[in-house]
file structure_16.txt (compact mmCIF, C-alpha atoms (C1' of nucleotides))
# COMPACT_ATOMS: atom_id res chain seq x y z
CA MET A 16 154.01 -190.66 -57.40
CA GLN A 17 153.08 -192.60 -54.28
CA LEU A 18 150.11 -191.34 -52.31
CA PRO A 19 149.53 -191.84 -48.61
CA ASP A 20 147.39 -194.92 -48.10
CA ALA A 21 144.72 -192.96 -46.37
CA TYR A 22 143.84 -191.14 -49.58
CA SER A 23 144.54 -193.65 -52.30
CA ALA A 24 141.57 -194.84 -54.32
CA ASN A 25 140.67 -197.98 -52.38
CA CYS A 26 141.43 -197.43 -48.73
CA PRO A 27 138.92 -198.49 -46.04
CA THR A 28 138.00 -194.88 -45.41
CA ARG A 29 136.89 -194.46 -48.97
CA MET A 30 135.01 -197.71 -48.96
CA VAL A 31 132.95 -196.81 -45.95
CA LEU A 32 132.40 -193.36 -47.36
CA ASP A 33 130.96 -194.81 -50.50
CA ARG A 34 128.45 -196.56 -48.28
CA ILE A 35 127.72 -193.64 -46.00
CA ALA A 36 127.55 -191.40 -49.03
CA ASP A 37 124.31 -193.18 -49.84
CA LYS A 38 122.00 -191.15 -47.68
CA TRP A 39 119.08 -193.51 -48.21
CA ALA A 40 121.15 -196.33 -46.78
CA VAL A 41 121.94 -194.34 -43.67
CA LEU A 42 118.35 -193.27 -43.21
CA LEU A 43 117.05 -196.82 -43.62
CA LEU A 44 119.65 -198.17 -41.25
CA GLY A 45 118.55 -195.64 -38.69
CA LEU A 46 114.92 -196.63 -39.05
CA LEU A 47 115.60 -200.34 -38.85
CA ALA A 48 117.78 -199.78 -35.82
CA ARG A 49 114.57 -198.89 -34.00
CA GLU A 50 112.45 -201.80 -35.15
CA PRO A 51 112.06 -204.24 -38.04
CA MET A 52 109.85 -202.99 -40.84
CA ARG A 53 108.25 -204.09 -44.07
CA PHE A 54 108.84 -202.73 -47.53
CA ASN A 55 105.98 -200.30 -47.91
CA ARG A 56 106.28 -199.16 -44.35
CA LEU A 57 109.84 -198.06 -45.02
CA ARG A 58 108.69 -196.40 -48.21
CA ARG A 59 106.14 -194.37 -46.29
CA GLU A 60 108.51 -193.47 -43.48
CA VAL A 61 111.20 -191.90 -45.59
CA GLU A 62 110.02 -188.84 -47.43
CA GLY A 63 111.15 -188.58 -51.01
CA LEU A 64 112.43 -192.12 -51.29
CA SER A 65 111.32 -193.75 -54.53
CA GLN A 66 110.38 -197.38 -54.74
CA LYS A 67 113.29 -198.07 -57.02
CA MET A 68 115.87 -196.59 -54.69
CA LEU A 69 114.31 -198.34 -51.71
CA ALA A 70 114.59 -201.75 -53.35
CA GLN A 71 118.07 -201.00 -54.61
CA THR A 72 119.29 -199.72 -51.26
CA LEU A 73 117.82 -202.63 -49.34
CA ARG A 74 119.60 -204.97 -51.75
CA SER A 75 122.99 -203.46 -51.04
CA LEU A 76 122.40 -203.26 -47.30
CA GLU A 77 121.49 -206.93 -47.38
CA ARG A 78 124.55 -207.73 -49.45
CA ASP A 79 126.77 -206.00 -46.93
CA GLY A 80 125.17 -207.96 -44.13
CA LEU A 81 123.95 -204.80 -42.44
CA VAL A 82 120.30 -205.70 -42.83
CA SER A 83 118.52 -209.06 -43.01
CA ARG A 84 115.55 -209.94 -45.19
CA SER A 85 112.85 -212.41 -44.15
CA ALA A 86 110.04 -213.44 -46.48
CA PHE A 87 106.86 -215.11 -45.22
CA ALA A 88 104.67 -217.10 -47.56
CA THR A 89 101.45 -215.30 -46.73
CA VAL A 90 99.07 -214.06 -49.40
CA PRO A 91 100.16 -211.66 -50.51
CA VAL A 92 103.75 -212.20 -49.55
CA THR A 93 105.11 -210.46 -46.45
CA VAL A 94 108.73 -209.34 -46.27
CA GLU A 95 110.33 -207.95 -43.18
CA TYR A 96 113.66 -206.18 -42.94
CA ALA A 97 115.67 -206.04 -39.75
CA ILE A 98 119.03 -204.66 -38.74
CA THR A 99 121.81 -207.18 -38.07
CA PRO A 100 124.29 -207.03 -35.17
CA LEU A 101 126.90 -205.74 -37.61
CA GLY A 102 124.46 -203.19 -38.92
CA ARG A 103 123.79 -202.03 -35.42
CA THR A 104 127.42 -201.26 -34.77
CA LEU A 105 127.43 -199.03 -37.85
CA ALA A 106 124.14 -197.43 -36.92
CA ASP A 107 125.54 -196.55 -33.52
CA THR A 108 128.60 -194.99 -35.11
CA VAL A 109 126.56 -193.04 -37.61
CA ASP A 110 124.34 -191.83 -34.83
CA ALA A 111 127.22 -189.68 -33.67
CA LEU A 112 126.71 -187.73 -36.88
CA ARG A 113 123.10 -187.09 -35.95
CA VAL A 114 124.24 -185.79 -32.59
CA TRP A 115 126.78 -183.53 -34.27
CA ALA A 116 124.13 -182.32 -36.68
CA GLU A 117 121.66 -181.41 -34.00
CA SER A 118 124.15 -179.42 -32.00
CA HIS A 119 126.02 -177.71 -34.85
CA MET A 120 123.66 -177.28 -37.76
CA PRO A 121 122.37 -173.94 -36.53
CA GLU A 122 125.93 -172.63 -36.60
CA VAL A 123 126.48 -174.01 -40.08
CA THR A 124 123.30 -172.42 -41.31
CA ALA A 125 124.36 -169.09 -39.83
CA ASN A 126 127.72 -169.39 -41.55
CA GLN A 127 126.03 -170.00 -44.87
CA LEU A 128 123.83 -166.96 -44.51
CA ARG A 129 126.80 -164.79 -43.65
CA TYR A 130 128.83 -166.16 -46.55
CA ASP A 131 126.00 -165.53 -48.99
CA ALA A 132 125.45 -162.04 -47.66
CA GLU A 133 129.11 -161.11 -48.05
CA LYS A 134 129.01 -162.60 -51.52
CA ALA A 135 125.99 -160.56 -52.48
CA ALA A 136 127.60 -157.39 -51.13
CA ALA A 137 130.52 -157.81 -53.51
CA MET B 14 101.30 -192.44 -38.14
CA GLN B 15 102.98 -189.09 -38.36
CA LEU B 16 106.46 -189.06 -39.84
CA PRO B 17 109.11 -188.69 -37.19
CA ASP B 18 110.92 -185.41 -37.67
CA ALA B 19 114.11 -187.32 -38.13
CA TYR B 20 113.05 -188.46 -41.59
CA SER B 21 111.26 -185.50 -43.07
CA ALA B 22 112.95 -183.80 -45.97
CA ASN B 23 114.84 -181.09 -44.15
CA CYS B 24 115.83 -182.41 -40.77
CA PRO B 25 119.33 -181.83 -39.36
CA THR B 26 120.25 -185.44 -39.95
CA ARG B 27 119.55 -185.12 -43.63
CA MET B 28 121.42 -181.86 -43.90
CA VAL B 29 124.57 -183.27 -42.40
CA LEU B 30 124.21 -186.34 -44.55
CA ASP B 31 124.11 -184.23 -47.66
CA ARG B 32 127.45 -182.84 -46.58
CA ILE B 33 128.98 -186.14 -45.54
CA ALA B 34 127.67 -187.72 -48.70
CA ASP B 35 130.20 -185.58 -50.55
CA LYS B 36 133.20 -187.82 -50.19
CA TRP B 37 135.61 -185.19 -51.46
CA ALA B 38 134.50 -182.89 -48.67
CA VAL B 39 135.15 -185.53 -46.05
CA LEU B 40 138.52 -186.39 -47.50
CA LEU B 41 139.58 -182.75 -47.67
CA LEU B 42 138.38 -182.11 -44.16
CA GLY B 43 140.46 -185.04 -43.00
CA LEU B 44 143.55 -183.72 -44.72
CA LEU B 45 143.14 -180.19 -43.44
CA ALA B 46 142.56 -181.55 -39.95
CA ARG B 47 146.22 -182.54 -40.05
CA GLU B 48 147.68 -179.30 -41.35
CA PRO B 49 146.77 -176.29 -43.47
CA MET B 50 147.42 -176.74 -47.16
CA ARG B 51 147.42 -174.84 -50.40
CA PHE B 52 145.26 -175.50 -53.44
CA ASN B 53 147.59 -177.55 -55.59
CA ARG B 54 148.92 -179.43 -52.64
CA LEU B 55 145.40 -180.67 -51.87
CA ARG B 56 144.95 -181.53 -55.50
CA ARG B 57 148.04 -183.69 -55.41
CA GLU B 58 147.18 -185.37 -52.12
CA VAL B 59 143.76 -186.68 -53.08
CA GLU B 60 143.87 -189.23 -55.84
CA GLY B 61 141.25 -188.80 -58.52
CA LEU B 62 140.09 -185.37 -57.40
CA SER B 63 139.67 -183.02 -60.35
CA GLN B 64 140.53 -179.35 -60.19
CA LYS B 65 136.93 -178.45 -60.72
CA MET B 66 135.63 -180.55 -57.86
CA LEU B 67 138.42 -179.34 -55.60
CA ALA B 68 137.51 -175.71 -56.16
CA GLN B 69 133.82 -176.42 -55.84
CA THR B 70 134.19 -178.48 -52.67
CA LEU B 71 136.45 -175.92 -51.02
CA ARG B 72 133.83 -173.28 -51.79
CA SER B 73 131.10 -175.16 -49.99
CA LEU B 74 133.31 -176.09 -47.06
CA GLU B 75 134.20 -172.43 -46.72
CA ARG B 76 130.56 -171.46 -46.97
CA ASP B 77 129.68 -173.82 -44.14
CA GLY B 78 132.45 -172.36 -42.02
CA LEU B 79 134.19 -175.72 -41.80
CA VAL B 80 137.29 -174.49 -43.60
CA SER B 81 138.89 -171.05 -43.80
CA ARG B 82 140.56 -169.50 -46.85
CA SER B 83 143.49 -167.08 -46.57
CA ALA B 84 144.95 -165.33 -49.59
CA PHE B 85 148.40 -163.72 -49.50
CA ALA B 86 149.37 -161.09 -52.05
CA THR B 87 152.57 -162.77 -53.16
CA VAL B 88 153.50 -163.21 -56.82
CA PRO B 89 151.95 -165.39 -57.82
CA VAL B 90 149.18 -165.36 -55.28
CA THR B 91 149.31 -167.83 -52.41
CA VAL B 92 146.15 -169.27 -50.92
CA GLU B 93 146.06 -171.42 -47.85
CA TYR B 94 143.16 -173.48 -46.56
CA ALA B 95 142.82 -174.46 -42.92
CA ILE B 96 140.26 -176.26 -40.84
CA THR B 97 138.19 -174.14 -38.47
CA PRO B 98 137.31 -175.09 -34.89
CA LEU B 99 133.84 -176.01 -36.07
CA GLY B 100 135.32 -178.06 -38.88
CA ARG B 101 137.50 -179.88 -36.42
CA THR B 102 134.53 -181.03 -34.37
CA LEU B 103 133.03 -182.54 -37.50
CA ALA B 104 136.31 -184.09 -38.55
CA ASP B 105 136.60 -185.76 -35.16
CA THR B 106 133.10 -187.14 -35.44
CA VAL B 107 133.67 -188.42 -38.94
CA ASP B 108 136.87 -190.04 -37.81
CA ALA B 109 134.75 -192.51 -35.87
CA LEU B 110 133.57 -193.76 -39.25
CA ARG B 111 137.12 -194.42 -40.27
CA VAL B 112 137.65 -196.44 -37.12
CA TRP B 113 134.49 -198.44 -37.81
CA ALA B 114 135.63 -199.01 -41.38
CA GLU B 115 139.00 -200.33 -40.38
CA SER B 116 137.60 -202.81 -37.91
CA HIS B 117 134.55 -203.97 -39.85
CA MET B 118 135.29 -203.70 -43.55
CA PRO B 119 136.76 -207.21 -43.72
CA GLU B 120 133.50 -208.61 -42.40
CA VAL B 121 131.49 -206.54 -44.86
CA THR B 122 133.64 -207.71 -47.74
CA ALA B 123 133.15 -211.32 -46.63
CA ASN B 124 129.40 -210.79 -46.51
CA GLN B 125 129.43 -209.42 -50.03
CA LEU B 126 131.34 -212.39 -51.34
CA ARG B 127 128.95 -214.80 -49.68
CA TYR B 128 125.91 -212.93 -50.98
CA ASP B 129 127.27 -212.91 -54.50
CA ALA B 130 128.13 -216.59 -54.30
CA GLU B 131 124.62 -217.54 -53.16
CA LYS B 132 123.24 -215.35 -55.91
CA ALA B 133 125.34 -217.04 -58.54
CA ALA B 134 124.31 -220.46 -57.24
CA ALA B 135 120.67 -219.66 -57.89
C1' DC C 22 102.49 -206.44 -51.12
C1' DT C 23 107.11 -206.80 -52.93
C1' DG C 24 109.56 -206.22 -56.15
C1' DA C 25 112.10 -206.30 -61.33
C1' DA C 26 112.45 -204.08 -65.97
C1' DT C 27 112.29 -200.31 -69.07
C1' DC C 28 112.59 -195.70 -70.44
C1' DC C 29 114.13 -191.12 -70.06
C1' DT C 30 116.05 -186.96 -68.10
C1' DA C 31 118.70 -184.00 -65.04
C1' DC C 32 122.71 -183.26 -63.17
C1' DC C 33 127.34 -184.66 -61.67
C1' DG C 34 131.71 -184.30 -62.71
C1' DG C 35 135.87 -184.88 -66.13
C1' DA C 36 138.57 -182.60 -69.83
C1' DT C 37 140.02 -178.57 -71.76
C1' DA C 38 140.94 -173.81 -72.35
C1' DC C 39 141.42 -169.24 -70.56
C1' DT C 40 142.45 -165.35 -66.78
C1' DG C 41 144.46 -162.48 -62.83
C1' DC D 9 149.50 -170.51 -58.43
C1' DA D 10 144.64 -170.40 -57.99
C1' DG D 11 141.04 -170.40 -59.91
C1' DT D 12 136.60 -169.63 -63.60
C1' DA D 13 134.02 -170.86 -67.94
C1' DT D 14 132.47 -174.04 -71.36
C1' DC D 15 131.43 -178.19 -73.31
C1' DC D 16 129.77 -182.81 -72.98
C1' DG D 17 129.36 -187.79 -71.88
C1' DG D 18 128.00 -191.10 -68.22
C1' DT D 19 125.09 -192.22 -64.84
C1' DA D 20 122.09 -191.80 -60.87
C1' DG D 21 117.64 -191.94 -60.10
C1' DG D 22 112.39 -190.71 -60.97
C1' DA D 23 108.13 -192.29 -63.39
C1' DT D 24 105.84 -195.92 -65.20
C1' DT D 25 104.69 -200.51 -66.27
C1' DC D 26 104.54 -205.37 -65.45
C1' DA D 27 104.96 -209.77 -62.56
C1' DG D 28 104.89 -213.34 -58.68

call {"tool": "encode", "arguments": {"input": "structure_16.txt", "output": "structure tokens"}}
result
Amino acid sequence: MQLPDAYSANCPTRMVLDRIADKWAVLLLGLLAREPMRFNRLRREVEGLSQKMLAQTLRSLERDGLVSRSAFATVPVTVEYAITPLGRTLADTVDALRVWAESHMPEVTANQLRYDAEKAAA
Amino acid sequence: MQLPDAYSANCPTRMVLDRIADKWAVLLLGLLAREPMRFNRLRREVEGLSQKMLAQTLRSLERDGLVSRSAFATVPVTVEYAITPLGRTLADTVDALRVWAESHMPEVTANQLRYDAEKAAA
DNA sequence: CTGAATCCTACCGGATACTG
DNA sequence: CAGTATCCGGTAGGATTCAG
């Protein structure tokens, strides 16, 4: 059976989704879109983000060329992360999601409450 | 420095991300944005989507009011899923991601190859 | 300070079987 | 056809420890 390209296993849509699906990546990209930051600063900014996931996520963002890493030979070492031009284009696109969220989340929440109430009634 | 609301644990941005992070949800929303479909049709359209995840994802989409479910008392029963107006606004927003993917994924892939090559060299 | 490595657990999600 | 229930393995990811 042949599937439409748009929904086969390795279409562009899926590939970008696998990246966006990483919520830490999106959050970090959003932060770095504002200003460059260092490792522990990022760690403190994002609530609930473990050190392991931070390192791991920064690695993949760097690999994708969405974020750049600069190390300075101070003592102790200083490392700064910054968004790249490519990263910025994605951040801008993703920002549309934030806008959607802010204007529609109340409605979604209301829907959930209603759904749960109807469920409980049955 | 006080954490910006945007990155605390339950901000709107995070909530929408938790939804977008579910790639099956996004894929289904995209399909239903085109035309209403029945359960097994959706199952056939999306490669690699298990029956369990399909049912589960449809439940949560319905709960959020992004998709509507209509059952018809035929024999055997017929159930049709359709996108709601609210769902359509999200689908449109998410579509921007697809556009980004199609124009920038080649560059990302190139970056990955270069990163891996430099890594291997070291 | 910026990580990498190890361990360990919770949960995601696939396979299978059963029901209205 | 449209699901739900159960089992169960793989893995994401947290906690902890160590290193440059």

call {"tool": "atom_distance", "arguments": {"input": "structure_16.txt", "atom1": "CA of Leu67 (chain B)", "atom2": "CA of Trp39 (chain A)"}}
result
25.1 Å

call {"tool": "residues_around", "arguments": {"input": "structure_16.txt", "residues": "DC16 (chain D)", "least_positions_apart": "5", "cutoff": "12 Å", "atoms": "only C-alpha atoms (C1' of nucleotides)", "output": "PyMOL selection string"}}
result
chain C and resi 33-37

call {"tool": "write_last_selection", "arguments": {"input": "structure_16.txt", "atoms": "C-alpha atoms (C1' of nucleotides)", "output": "mmCIF file, keeping the file's coordinate frame"}}
result
data_model
loop_
_atom_site.group_PDB
_atom_site.id
_atom_site.type_symbol
_atom_site.label_atom_id
_atom_site.label_comp_id
_atom_site.auth_asym_id
_atom_site.auth_seq_id
_atom_site.Cartn_x
_atom_site.Cartn_y
_atom_site.Cartn_z
ATOM 1 C "C1'" DC C 33 127.340 -184.660 -61.670
ATOM 2 C "C1'" DG C 34 131.710 -184.300 -62.710
ATOM 3 C "C1'" DG C 35 135.870 -184.880 -66.130
ATOM 4 C "C1'" DA C 36 138.570 -182.600 -69.830
ATOM 5 C "C1'" DT C 37 140.020 -178.570 -71.760
#

call {"tool": "calpha_fit_and_write", "arguments": {"input": "structure_16.txt", "fixed": "chain A", "moving": "chain B", "output": "compact mmCIF listing (two decimals) with C-alpha atoms, in the frame of the given file"}}
result
# COMPACT_ATOMS: atom_id res chain seq x y z
CA MET B 14 155.65 -187.72 -51.80
CA GLN B 15 153.85 -191.02 -51.89
CA LEU B 16 150.09 -190.89 -51.49
CA PRO B 17 149.01 -191.94 -48.04
CA ASP B 18 146.98 -195.12 -48.28
CA ALA B 19 144.09 -193.30 -46.74
CA TYR B 20 143.44 -191.40 -49.96
CA SER B 21 144.12 -193.89 -52.70
CA ALA B 22 141.15 -195.00 -54.72
CA ASN B 23 140.18 -198.12 -52.84
CA CYS B 24 141.01 -197.60 -49.20
CA PRO B 25 138.57 -198.63 -46.45
CA THR B 26 137.71 -195.02 -45.75
CA ARG B 27 136.55 -194.51 -49.29
CA MET B 28 134.58 -197.72 -49.31
CA VAL B 29 132.62 -196.81 -46.23
CA LEU B 30 132.11 -193.33 -47.59
CA ASP B 31 130.58 -194.72 -50.74
CA ARG B 32 128.08 -196.46 -48.51
CA ILE B 33 127.44 -193.53 -46.20
CA ALA B 34 127.19 -191.25 -49.19
CA ASP B 35 123.95 -193.06 -50.01
CA LYS B 36 121.63 -191.08 -47.80
CA TRP B 37 118.75 -193.49 -48.28
CA ALA B 38 120.90 -196.28 -46.91
CA VAL B 39 121.75 -194.30 -43.81
CA LEU B 40 118.16 -193.30 -43.26
CA LEU B 41 116.91 -196.86 -43.66
CA LEU B 42 119.59 -198.18 -41.38
CA GLY B 43 118.51 -195.67 -38.78
CA LEU B 44 114.89 -196.73 -39.04
CA LEU B 45 115.64 -200.43 -38.89
CA ALA B 46 117.89 -199.82 -35.90
CA ARG B 47 114.70 -199.00 -34.03
CA GLU B 48 112.59 -201.95 -35.12
CA PRO B 49 112.19 -204.39 -38.00
CA MET B 50 109.89 -203.19 -40.74
CA ARG B 51 108.23 -204.35 -43.90
CA PHE B 52 108.72 -202.95 -47.39
CA ASN B 53 105.78 -200.59 -47.68
CA ARG B 54 106.14 -199.45 -44.13
CA LEU B 55 109.67 -198.25 -44.90
CA ARG B 56 108.40 -196.61 -48.03
CA ARG B 57 105.87 -194.66 -46.02
CA GLU B 58 108.29 -193.69 -43.27
CA VAL B 59 110.92 -192.05 -45.45
CA GLU B 60 109.68 -188.98 -47.22
CA GLY B 61 110.67 -188.70 -50.85
CA LEU B 62 112.00 -192.24 -51.17
CA SER B 63 110.81 -193.88 -54.38
CA GLN B 64 109.90 -197.53 -54.60
CA LYS B 65 112.75 -198.13 -56.96
CA MET B 66 115.38 -196.64 -54.70
CA LEU B 67 113.94 -198.43 -51.69
CA ALA B 68 114.23 -201.81 -53.37
CA GLN B 69 117.67 -201.02 -54.71
CA THR B 70 118.99 -199.71 -51.40
CA LEU B 71 117.62 -202.66 -49.45
CA ARG B 72 119.39 -204.96 -51.91
CA SER B 73 122.76 -203.38 -51.29
CA LEU B 74 122.27 -203.21 -47.54
CA GLU B 75 121.42 -206.89 -47.59
CA ARG B 76 124.43 -207.62 -49.75
CA ASP B 77 126.70 -205.88 -47.26
CA GLY B 78 125.19 -207.89 -44.43
CA LEU B 79 123.98 -204.74 -42.71
CA VAL B 80 120.33 -205.69 -43.02
CA SER B 81 118.61 -209.08 -43.15
CA ARG B 82 115.59 -210.01 -45.27
CA SER B 83 113.00 -212.56 -44.14
CA ALA B 84 110.17 -213.69 -46.39
CA PHE B 85 107.08 -215.43 -45.00
CA ALA B 86 104.85 -217.49 -47.26
CA THR B 87 101.62 -215.76 -46.33
CA VAL B 88 99.09 -214.59 -48.91
CA PRO B 89 100.12 -212.18 -50.05
CA VAL B 90 103.75 -212.63 -49.21
CA THR B 91 105.16 -210.84 -46.18
CA VAL B 92 108.74 -209.61 -46.12
CA GLU B 93 110.41 -208.17 -43.09
CA TYR B 94 113.70 -206.30 -42.95
CA ALA B 95 115.80 -206.12 -39.80
CA ILE B 96 119.15 -204.69 -38.87
CA THR B 97 121.96 -207.17 -38.29
CA PRO B 98 124.49 -206.98 -35.45
CA LEU B 99 127.03 -205.67 -37.93
CA GLY B 100 124.53 -203.13 -39.18
CA ARG B 101 123.91 -201.98 -35.66
CA THR B 102 127.56 -201.17 -35.09
CA LEU B 103 127.48 -198.95 -38.16
CA ALA B 104 124.21 -197.36 -37.16
CA ASP B 105 125.67 -196.48 -33.78
CA THR B 106 128.70 -194.91 -35.41
CA VAL B 107 126.61 -192.94 -37.85
CA ASP B 108 124.45 -191.74 -35.02
CA ALA B 109 127.39 -189.65 -33.86
CA LEU B 110 126.90 -187.66 -37.04
CA ARG B 111 123.34 -186.95 -36.08
CA VAL B 112 124.50 -185.68 -32.71
CA TRP B 113 127.07 -183.44 -34.39
CA ALA B 114 124.41 -182.17 -36.77
CA GLU B 115 122.02 -181.25 -34.03
CA SER B 116 124.58 -179.30 -32.07
CA HIS B 117 126.41 -177.61 -34.94
CA MET B 118 123.98 -177.11 -37.80
CA PRO B 119 122.83 -173.72 -36.51
CA GLU B 120 126.41 -172.49 -36.65
CA VAL B 121 126.87 -173.89 -40.14
CA THR B 122 123.69 -172.23 -41.32
CA ALA B 123 124.88 -168.92 -39.85
CA ASN B 124 128.19 -169.29 -41.65
CA GLN B 125 126.40 -169.88 -44.93
CA LEU B 126 124.29 -166.78 -44.51
CA ARG B 127 127.33 -164.68 -43.73
CA TYR B 128 129.26 -166.09 -46.69
CA ASP B 129 126.39 -165.41 -49.04
CA ALA B 130 125.97 -161.90 -47.69
CA GLU B 131 129.65 -161.06 -48.19
CA LYS B 132 129.41 -162.55 -51.66
CA ALA B 133 126.43 -160.43 -52.54
CA ALA B 134 128.17 -157.33 -51.21
CA ALA B 135 131.00 -157.80 -53.67

call {"tool": "interface_residues", "arguments": {"input": "structure_16.txt", "of": "chain A", "to": "chain D", "cutoff": "10 Å", "atoms": "all atoms listed in the file", "output": "ChimeraX atom specification"}}
result
/A:64-68,91-92

call {"tool": "closest_atom_pairs", "arguments": {"input": "structure_16.txt", "of": "chain A", "to": "chain B", "cutoff": "6 Å", "atoms": "all atoms listed in the file", "output": "JSON lines"}}
result
{"residue": "A:Tyr22", "atom": "CA", "partner": "B:Val59", "partner_atom": "CA", "distance": 5.7}
{"residue": "A:Ser23", "atom": "CA", "partner": "B:Glu60", "partner_atom": "CA", "distance": 5.7}
{"residue": "A:Pro27", "atom": "CA", "partner": "B:Ala114", "partner_atom": "CA", "distance": 5.7}
{"residue": "A:Thr28", "atom": "CA", "partner": "B:Arg111", "partner_atom": "CA", "distance": 5.2}
{"residue": "A:Val31", "atom": "CA", "partner": "B:Ala114", "partner_atom": "CA", "distance": 5.7}
{"residue": "A:Ala36", "atom": "CA", "partner": "B:Ala34", "partner_atom": "CA", "distance": 3.7}
{"residue": "A:Val61", "atom": "CA", "partner": "B:Tyr20", "partner_atom": "CA", "distance": 5.6}
{"residue": "A:Glu62", "atom": "CA", "partner": "B:Ser21", "partner_atom": "CA", "distance": 5.6}
{"residue": "A:Arg78", "atom": "CA", "partner": "B:Gln125", "partner_atom": "CA", "distance": 5.2}
{"residue": "A:Asp79", "atom": "CA", "partner": "B:Val121", "partner_atom": "CA", "distance": 5.2}
{"residue": "A:Gly80", "atom": "CA", "partner": "B:Asn124", "partner_atom": "CA", "distance": 5.6}
{"residue": "A:Arg113", "atom": "CA", "partner": "B:Thr26", "partner_atom": "CA", "distance": 5.2}
{"residue": "A:Ala116", "atom": "CA", "partner": "B:Pro25", "partner_atom": "CA", "distance": 5.5}
{"residue": "A:Glu117", "atom": "CA", "partner": "B:Pro25", "partner_atom": "CA", "distance": 5.9}
{"residue": "A:Val123", "atom": "CA", "partner": "B:Asp77", "partner_atom": "CA", "distance": 5.2}
{"residue": "A:Asn126", "atom": "CA", "partner": "B:Asp77", "partner_atom": "CA", "distance": 5.5}
{"residue": "A:Gln127", "atom": "CA", "partner": "B:Arg76", "partner_atom": "CA", "distance": 5.2}
{"residue": "A:Tyr130", "atom": "CA", "partner": "B:Arg76", "partner_atom": "CA", "distance": 5.6}

call {"tool": "interface_residues", "arguments": {"input": "structure_16.txt", "of": "chain C", "to": "chain A", "cutoff": "10 Å", "atoms": "all atoms listed in the file", "output": "list in words"}}
result
DC22, DT23, DG24 and DA25 of chain C

call {"tool": "atom_distance", "arguments": {"input": "structure_16.txt", "atom1": "CA of Glu93 (chain B)", "atom2": "CA of Arg47 (chain B)"}}
result
13.6 Å

call {"tool": "atom_distance", "arguments": {"input": "structure_16.txt", "atom1": "C1' of DT27 (chain C)", "atom2": "CA of Arg56 (chain A)"}}
result
25.5 Å

call {"tool": "decode", "arguments": {"input": "structure_16.txt", "residues": "region 79-105 of chain B", "atoms": "C-alpha atoms", "output": "mmCIF file, in the first residue's frame"}}
result
data_model
loop_
_atom_site.group_PDB
_atom_site.id
_atom_site.type_symbol
_atom_site.label_atom_id
_atom_site.label_comp_id
_atom_site.auth_asym_id
_atom_site.auth_seq_id
_atom_site.Cartn_x
_atom_site.Cartn_y
_atom_site.Cartn_z
ATOM 1 C CA LEU B 79 -10.084 20.295 18.602
ATOM 2 C CA VAL B 80 -11.885 17.387 16.973
ATOM 3 C CA SER B 81 -15.518 16.289 17.084
ATOM 4 C CA ARG B 82 -16.810 12.713 17.200
ATOM 5 C CA SER B 83 -20.111 11.674 15.597
ATOM 6 C CA ALA B 84 -21.515 8.180 15.965
ATOM 7 C CA PHE B 85 -24.219 6.850 13.641
ATOM 8 C CA ALA B 86 -26.362 3.892 14.655
ATOM 9 C CA THR B 87 -25.717 1.855 11.542
ATOM 10 C CA VAL B 88 -24.805 -1.837 11.644
ATOM 11 C CA PRO B 89 -22.049 -1.992 12.373
ATOM 12 C CA VAL B 90 -21.680 1.366 14.011
ATOM 13 C CA THR B 91 -20.148 4.206 12.019
ATOM 14 C CA VAL B 92 -18.065 6.878 13.702
ATOM 15 C CA GLU B 93 -16.796 9.953 11.975
ATOM 16 C CA TYR B 94 -14.200 12.399 13.229
ATOM 17 C CA ALA B 95 -14.038 15.984 12.028
ATOM 18 C CA ILE B 96 -11.974 19.017 12.864
ATOM 19 C CA THR B 97 -13.704 21.774 14.821
ATOM 20 C CA PRO B 98 -13.367 25.497 14.118
ATOM 21 C CA LEU B 99 -11.018 25.756 17.069
ATOM 22 C CA GLY B 100 -9.042 22.808 15.780
ATOM 23 C CA ARG B 101 -8.739 24.464 12.423
ATOM 24 C CA THR B 102 -7.120 27.554 13.895
ATOM 25 C CA LEU B 103 -4.487 25.346 15.488
ATOM 26 C CA ALA B 104 -4.007 23.316 12.337
ATOM 27 C CA ASP B 105 -3.388 26.502 10.385
#
